[in-house]
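Colleague: Below: one structure in structure tokens.
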Amino acid sequence: RLNPGFVLDESNTDVYRNLIYWLVADESMTSINPGNGSRIAGRLDKGIYLAGNTGSGKTLAMTIIRKLYPLFPFVDAEGVKVRWLEKRADEITEIYARSGEIQQFKQSPLLCIQDLGCEPNEASFMGNKLNVLQNIIEYRGDQPNKVTVVTSNIPLGHSDIATRYGERAQSRMVEMMNYLILTGKDRRYNIETK
């Protein structure tokens, strides 16, 4: 219903299978080692880093997981259902530039950051410049009770991650997220070229 032309194929089946395994806490989940590309066991206590080319379906995949989430919600230590907080990376940066607020993104038990890498490197609030996403990622990386989900066009092991967010943040992302890659062509661009 979200996308009438959607098709499960060799480019996305593995990712959808593992996203569902993660959501329902099935230990069959697998992930990719960002260092060497090998298949490894997934960790259900970690978040997700979903990379893929433009138009490969990252946002659609997260929309589907977000819509299924109420059926399989995470619960905190007191048994309270955890709210799914989702924002685009550029929106998070804009919120900081307008209000100086990033605590909600640091403290949320479950945060989904869409399109990491589309935001400006720095934002300024009252003269205080900050790489907002780097700050949030580094903070959350030190919090074992926080789950972070990211979509990005930038592969997790790519040098662009270290350049934009620093090696410390990149190391934290590798530690705190299962890495999945959506392959294939741009699914939005259906014009055949000769």
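Just so we're on the same page: first chain in the structure tokens is A, next is B, and so on; residues restart at 1 for each chain, and ligands are numbered from 1 in the order they show up.
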Mind checking DSSP for chain A and telling me the alpha helix (DSSP H) residues as a VMD selection string?
Modeller: chain A and resid 13 to 23 58 to 68 89 to 99 103 to 107 132 to 141 159 to 165 167 to 176
Colleague: Please provide as a PDB file with N, CA, C and O atoms, in the first residue's frame all residues within 6 Å of range 147-152 of chain A, with the sequence filter that same-chain residues fewer than 4 positions apart are discarded (counting only C-alpha atoms).
Modeller:
```pdb
ATOM      1  N   GLY A  47      21.593  -1.303  17.261  1.00  0.00           N
ATOM      2  CA  GLY A  47      20.725  -0.667  16.295  1.00  0.00           C
ATOM      3  C   GLY A  47      21.053  -1.137  14.892  1.00  0.00           C
ATOM      4  O   GLY A  47      21.638  -2.202  14.691  1.00  0.00           O
ATOM      5  N   ILE A  48      20.693  -0.318  13.914  1.00  0.00           N
ATOM      6  CA  ILE A  48      20.865  -0.641  12.497  1.00  0.00           C
ATOM      7  C   ILE A  48      21.512   0.542  11.791  1.00  0.00           C
ATOM      8  O   ILE A  48      21.140   1.693  12.033  1.00  0.00           O
ATOM      9  N   TYR A  49      22.463   0.253  10.916  1.00  0.00           N
ATOM     10  CA  TYR A  49      22.988   1.247   9.970  1.00  0.00           C
ATOM     11  C   TYR A  49      22.672   0.682   8.593  1.00  0.00           C
ATOM     12  O   TYR A  49      23.258  -0.313   8.175  1.00  0.00           O
ATOM     13  N   LEU A  50      21.730   1.321   7.893  1.00  0.00           N
ATOM     14  CA  LEU A  50      21.292   0.866   6.579  1.00  0.00           C
ATOM     15  C   LEU A  50      21.841   1.804   5.518  1.00  0.00           C
ATOM     16  O   LEU A  50      21.447   2.970   5.444  1.00  0.00           O
ATOM     17  N   ALA A  51      22.772   1.313   4.717  1.00  0.00           N
ATOM     18  CA  ALA A  51      23.382   2.106   3.653  1.00  0.00           C
ATOM     19  C   ALA A  51      22.861   1.643   2.302  1.00  0.00           C
ATOM     20  O   ALA A  51      22.442   0.498   2.150  1.00  0.00           O
ATOM     21  N   LEU A 110      15.179   5.137  21.658  1.00  0.00           N
ATOM     22  CA  LEU A 110      15.223   4.621  20.290  1.00  0.00           C
ATOM     23  C   LEU A 110      15.149   5.796  19.335  1.00  0.00           C
ATOM     24  O   LEU A 110      14.148   6.508  19.270  1.00  0.00           O
ATOM     25  N   LEU A 111      16.239   6.014  18.595  1.00  0.00           N
ATOM     26  CA  LEU A 111      16.320   7.138  17.661  1.00  0.00           C
ATOM     27  C   LEU A 111      16.636   6.627  16.269  1.00  0.00           C
ATOM     28  O   LEU A 111      17.599   5.874  16.086  1.00  0.00           O
ATOM     29  N   CYS A 112      15.836   7.044  15.302  1.00  0.00           N
ATOM     30  CA  CYS A 112      16.093   6.732  13.891  1.00  0.00           C
ATOM     31  C   CYS A 112      16.487   8.024  13.195  1.00  0.00           C
ATOM     32  O   CYS A 112      15.709   8.978  13.153  1.00  0.00           O
ATOM     33  N   ILE A 113      17.711   8.051  12.649  1.00  0.00           N
ATOM     34  CA  ILE A 113      18.219   9.204  11.914  1.00  0.00           C
ATOM     35  C   ILE A 113      18.192   8.850  10.431  1.00  0.00           C
ATOM     36  O   ILE A 113      18.932   7.976   9.986  1.00  0.00           O
ATOM     37  N   GLN A 114      17.342   9.519   9.688  1.00  0.00           N
ATOM     38  CA  GLN A 114      17.237   9.278   8.255  1.00  0.00           C
ATOM     39  C   GLN A 114      18.223  10.172   7.505  1.00  0.00           C
ATOM     40  O   GLN A 114      18.397  11.341   7.850  1.00  0.00           O
ATOM     41  N   ASP A 115      18.844   9.634   6.470  1.00  0.00           N
ATOM     42  CA  ASP A 115      19.703  10.380   5.552  1.00  0.00           C
ATOM     43  C   ASP A 115      20.898  11.040   6.231  1.00  0.00           C
ATOM     44  O   ASP A 115      21.201  12.209   5.973  1.00  0.00           O
ATOM     45  N   LEU A 116      21.591  10.279   7.067  1.00  0.00           N
ATOM     46  CA  LEU A 116      22.823  10.783   7.674  1.00  0.00           C
ATOM     47  C   LEU A 116      23.793  11.152   6.553  1.00  0.00           C
ATOM     48  O   LEU A 116      24.031  10.363   5.648  1.00  0.00           O
TER      49      LEU A 116
END
```
Colleague: What residues in range 3-182 of chain A get the DSSP label strand (DSSP E)? Please answer as a PyMOL selection string.
Modeller: chain A and resi 30-32+39-41+47-52+85-88+110-116+123-125+128-130+147-152+177-182
Colleague: For Pro144 in chain A, list every protein, DNA or RNA residue within 9 Å, evaluated using only C-alpha atoms, and leave out those in the same chain fewer than 4 positions away; present the list as a list in words.
Modeller: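 Here the qualifying residues turn out to be Asp45, Lys46, Arg140 and Met176 of chain A.
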Colleague: Can you measure CA of Asn12 in chain A to CA of Gly42 in chain A for me? One decimal in Å is fine.
Modeller: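 Straight-line distance from CA of Asn12 in chain A to CA of Gly42 in chain A works out to 17.1 Å.
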Colleague: So, counting only C-alpha atoms, which residue among A:Lys146, A:Leu60, A:Lys185, A:Thr54 is closest to Leu85 in chain A?
Modeller: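 Among the listed residues, A:Lys146 lies closest to Leu85 in chain A.
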Colleague: Measure the distance from CA of Met62 in chain A to CA of Ser124 in chain A in Å and round it to one decimal.
Modeller: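 CA of Met62 in chain A sits 29.2 Å away from CA of Ser124 in chain A.
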Colleague: Excluding Ile137 in chain A and residues on its chain fewer than 4 positions from it, collect all residues at most 9 Å away from it, counting only C-alpha atoms, and give them as a VMD selection string.
Modeller: chain A and resid 106 132 to 133 141 to 142 148 165 169 to 170 172 to 173
Colleague: Taking 6 positions as the minimum chain separation for residues in the same chain, which residues sit within 9 Å of Gly184 in chain A when counting only C-alpha atoms? Answer as a list in words.
Modeller: Glu10, Ser11, Asn12, Gly52, Asn53, Gly55 and Ser56 of chain A
Colleague: Can I get the selection written as a PDB file, in the first residue's frame, with all heavy atoms?
Modeller:
```
ATOM      1  N   GLU A  10      16.475  -9.663  -5.571  1.00  0.00           N
ATOM      2  CA  GLU A  10      17.811 -10.034  -5.076  1.00  0.00           C
ATOM      3  C   GLU A  10      18.547  -8.850  -4.452  1.00  0.00           C
ATOM      4  O   GLU A  10      19.470  -9.046  -3.674  1.00  0.00           O
ATOM      5  CB  GLU A  10      18.658 -10.658  -6.193  1.00  0.00           C
ATOM      6  CG  GLU A  10      19.081  -9.701  -7.309  1.00  0.00           C
ATOM      7  CD  GLU A  10      18.001  -9.447  -8.358  1.00  0.00           C
ATOM      8  OE1 GLU A  10      16.966 -10.134  -8.365  1.00  0.00           O
ATOM      9  OE2 GLU A  10      18.202  -8.529  -9.174  1.00  0.00           O
ATOM     10  N   SER A  11      18.130  -7.618  -4.754  1.00  0.00           N
ATOM     11  CA  SER A  11      18.789  -6.440  -4.200  1.00  0.00           C
ATOM     12  C   SER A  11      18.334  -6.100  -2.786  1.00  0.00           C
ATOM     13  O   SER A  11      19.049  -5.423  -2.058  1.00  0.00           O
ATOM     14  CB  SER A  11      18.547  -5.220  -5.103  1.00  0.00           C
ATOM     15  OG  SER A  11      19.103  -5.416  -6.364  1.00  0.00           O
ATOM     16  N   ASN A  12      17.126  -6.520  -2.410  1.00  0.00           N
ATOM     17  CA  ASN A  12      16.611  -6.064  -1.121  1.00  0.00           C
ATOM     18  C   ASN A  12      16.082  -7.152  -0.187  1.00  0.00           C
ATOM     19  O   ASN A  12      15.823  -6.888   0.983  1.00  0.00           O
ATOM     20  CB  ASN A  12      15.518  -5.007  -1.326  1.00  0.00           C
ATOM     21  CG  ASN A  12      14.307  -5.529  -2.084  1.00  0.00           C
ATOM     22  OD1 ASN A  12      14.122  -6.728  -2.253  1.00  0.00           O
ATOM     23  ND2 ASN A  12      13.479  -4.604  -2.555  1.00  0.00           N
ATOM     24  N   GLY A  52      22.928   2.527   1.349  1.00  0.00           N
ATOM     25  CA  GLY A  52      22.535   2.177  -0.011  1.00  0.00           C
ATOM     26  C   GLY A  52      22.583   3.382  -0.917  1.00  0.00           C
ATOM     27  O   GLY A  52      22.615   4.526  -0.449  1.00  0.00           O
ATOM     28  N   ASN A  53      22.603   3.110  -2.198  1.00  0.00           N
ATOM     29  CA  ASN A  53      22.622   4.177  -3.185  1.00  0.00           C
ATOM     30  C   ASN A  53      21.340   4.994  -3.119  1.00  0.00           C
ATOM     31  O   ASN A  53      20.321   4.540  -2.589  1.00  0.00           O
ATOM     32  CB  ASN A  53      22.757   3.589  -4.597  1.00  0.00           C
ATOM     33  CG  ASN A  53      24.062   2.863  -4.792  1.00  0.00           C
ATOM     34  OD1 ASN A  53      25.075   3.201  -4.179  1.00  0.00           O
ATOM     35  ND2 ASN A  53      24.050   1.860  -5.651  1.00  0.00           N
ATOM     36  N   GLY A  55      17.892   6.241  -3.889  1.00  0.00           N
ATOM     37  CA  GLY A  55      16.732   5.579  -4.483  1.00  0.00           C
ATOM     38  C   GLY A  55      16.669   4.080  -4.298  1.00  0.00           C
ATOM     39  O   GLY A  55      15.776   3.427  -4.827  1.00  0.00           O
ATOM     40  N   SER A  56      17.588   3.513  -3.514  1.00  0.00           N
ATOM     41  CA  SER A  56      17.600   2.051  -3.350  1.00  0.00           C
ATOM     42  C   SER A  56      16.512   1.543  -2.419  1.00  0.00           C
ATOM     43  O   SER A  56      16.250   0.350  -2.367  1.00  0.00           O
ATOM     44  CB  SER A  56      18.977   1.576  -2.882  1.00  0.00           C
ATOM     45  OG  SER A  56      19.321   2.180  -1.642  1.00  0.00           O
TER      46      SER A  56
END
```
Colleague: Please measure the separation of CA of Ala97 in chain A and CA of Glu175 in chain A, giving the value in Å to one decimal.
Modeller: 28.7 Å
Colleague: Write out as a PDB file with N, CA, C and O atoms, in the first residue's frame the residues lying within 9 Å of range 19-21 of chain A, counting only C-alpha atoms and excluding same-chain residues fewer than 6 positions away.
Modeller:
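Output saved as part15.pdb:
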```
ATOM      1  N   GLU A  27      17.123 -14.523  16.523  1.00  0.00           N
ATOM      2  CA  GLU A  27      18.578 -14.675  16.532  1.00  0.00           C
ATOM      3  C   GLU A  27      19.154 -15.132  15.201  1.00  0.00           C
ATOM      4  O   GLU A  27      20.367 -15.234  15.051  1.00  0.00           O
ATOM      5  N   SER A  28      18.307 -15.360  14.200  1.00  0.00           N
ATOM      6  CA  SER A  28      18.781 -15.700  12.859  1.00  0.00           C
ATOM      7  C   SER A  28      19.349 -14.486  12.126  1.00  0.00           C
ATOM      8  O   SER A  28      19.929 -14.618  11.054  1.00  0.00           O
ATOM      9  N   MET A  29      19.170 -13.294  12.710  1.00  0.00           N
ATOM     10  CA  MET A  29      19.623 -12.073  12.054  1.00  0.00           C
ATOM     11  C   MET A  29      21.118 -12.120  11.755  1.00  0.00           C
ATOM     12  O   MET A  29      21.898 -12.608  12.565  1.00  0.00           O
ATOM     13  N   THR A  30      21.486 -11.613  10.573  1.00  0.00           N
ATOM     14  CA  THR A  30      22.895 -11.446  10.224  1.00  0.00           C
ATOM     15  C   THR A  30      23.148  -9.998   9.843  1.00  0.00           C
ATOM     16  O   THR A  30      22.222  -9.233   9.564  1.00  0.00           O
ATOM     17  N   LEU A  44      21.095  -8.412  18.425  1.00  0.00           N
ATOM     18  CA  LEU A  44      19.763  -7.879  18.654  1.00  0.00           C
ATOM     19  C   LEU A  44      19.752  -6.721  19.637  1.00  0.00           C
ATOM     20  O   LEU A  44      18.776  -5.973  19.700  1.00  0.00           O
ATOM     21  N   ILE A  48      20.693  -0.318  13.914  1.00  0.00           N
ATOM     22  CA  ILE A  48      20.865  -0.641  12.497  1.00  0.00           C
ATOM     23  C   ILE A  48      21.512   0.542  11.791  1.00  0.00           C
ATOM     24  O   ILE A  48      21.140   1.693  12.033  1.00  0.00           O
ATOM     25  N   ALA A  61      12.195   1.213   3.501  1.00  0.00           N
ATOM     26  CA  ALA A  61      12.462   0.121   4.445  1.00  0.00           C
ATOM     27  C   ALA A  61      12.218   0.585   5.881  1.00  0.00           C
ATOM     28  O   ALA A  61      11.574  -0.119   6.671  1.00  0.00           O
ATOM     29  N   MET A  62      12.710   1.774   6.228  1.00  0.00           N
ATOM     30  CA  MET A  62      12.513   2.276   7.591  1.00  0.00           C
ATOM     31  C   MET A  62      11.062   2.647   7.846  1.00  0.00           C
ATOM     32  O   MET A  62      10.566   2.475   8.958  1.00  0.00           O
ATOM     33  N   ILE A  65       9.389  -0.630   8.681  1.00  0.00           N
ATOM     34  CA  ILE A  65       9.758  -1.064  10.043  1.00  0.00           C
ATOM     35  C   ILE A  65       9.069  -0.196  11.089  1.00  0.00           C
ATOM     36  O   ILE A  65       8.552  -0.695  12.092  1.00  0.00           O
ATOM     37  N   LEU A 180      23.780  -3.063   7.363  1.00  0.00           N
ATOM     38  CA  LEU A 180      23.069  -3.679   6.245  1.00  0.00           C
ATOM     39  C   LEU A 180      23.209  -2.779   5.018  1.00  0.00           C
ATOM     40  O   LEU A 180      23.279  -1.556   5.153  1.00  0.00           O
TER      41      LEU A 180
END
```
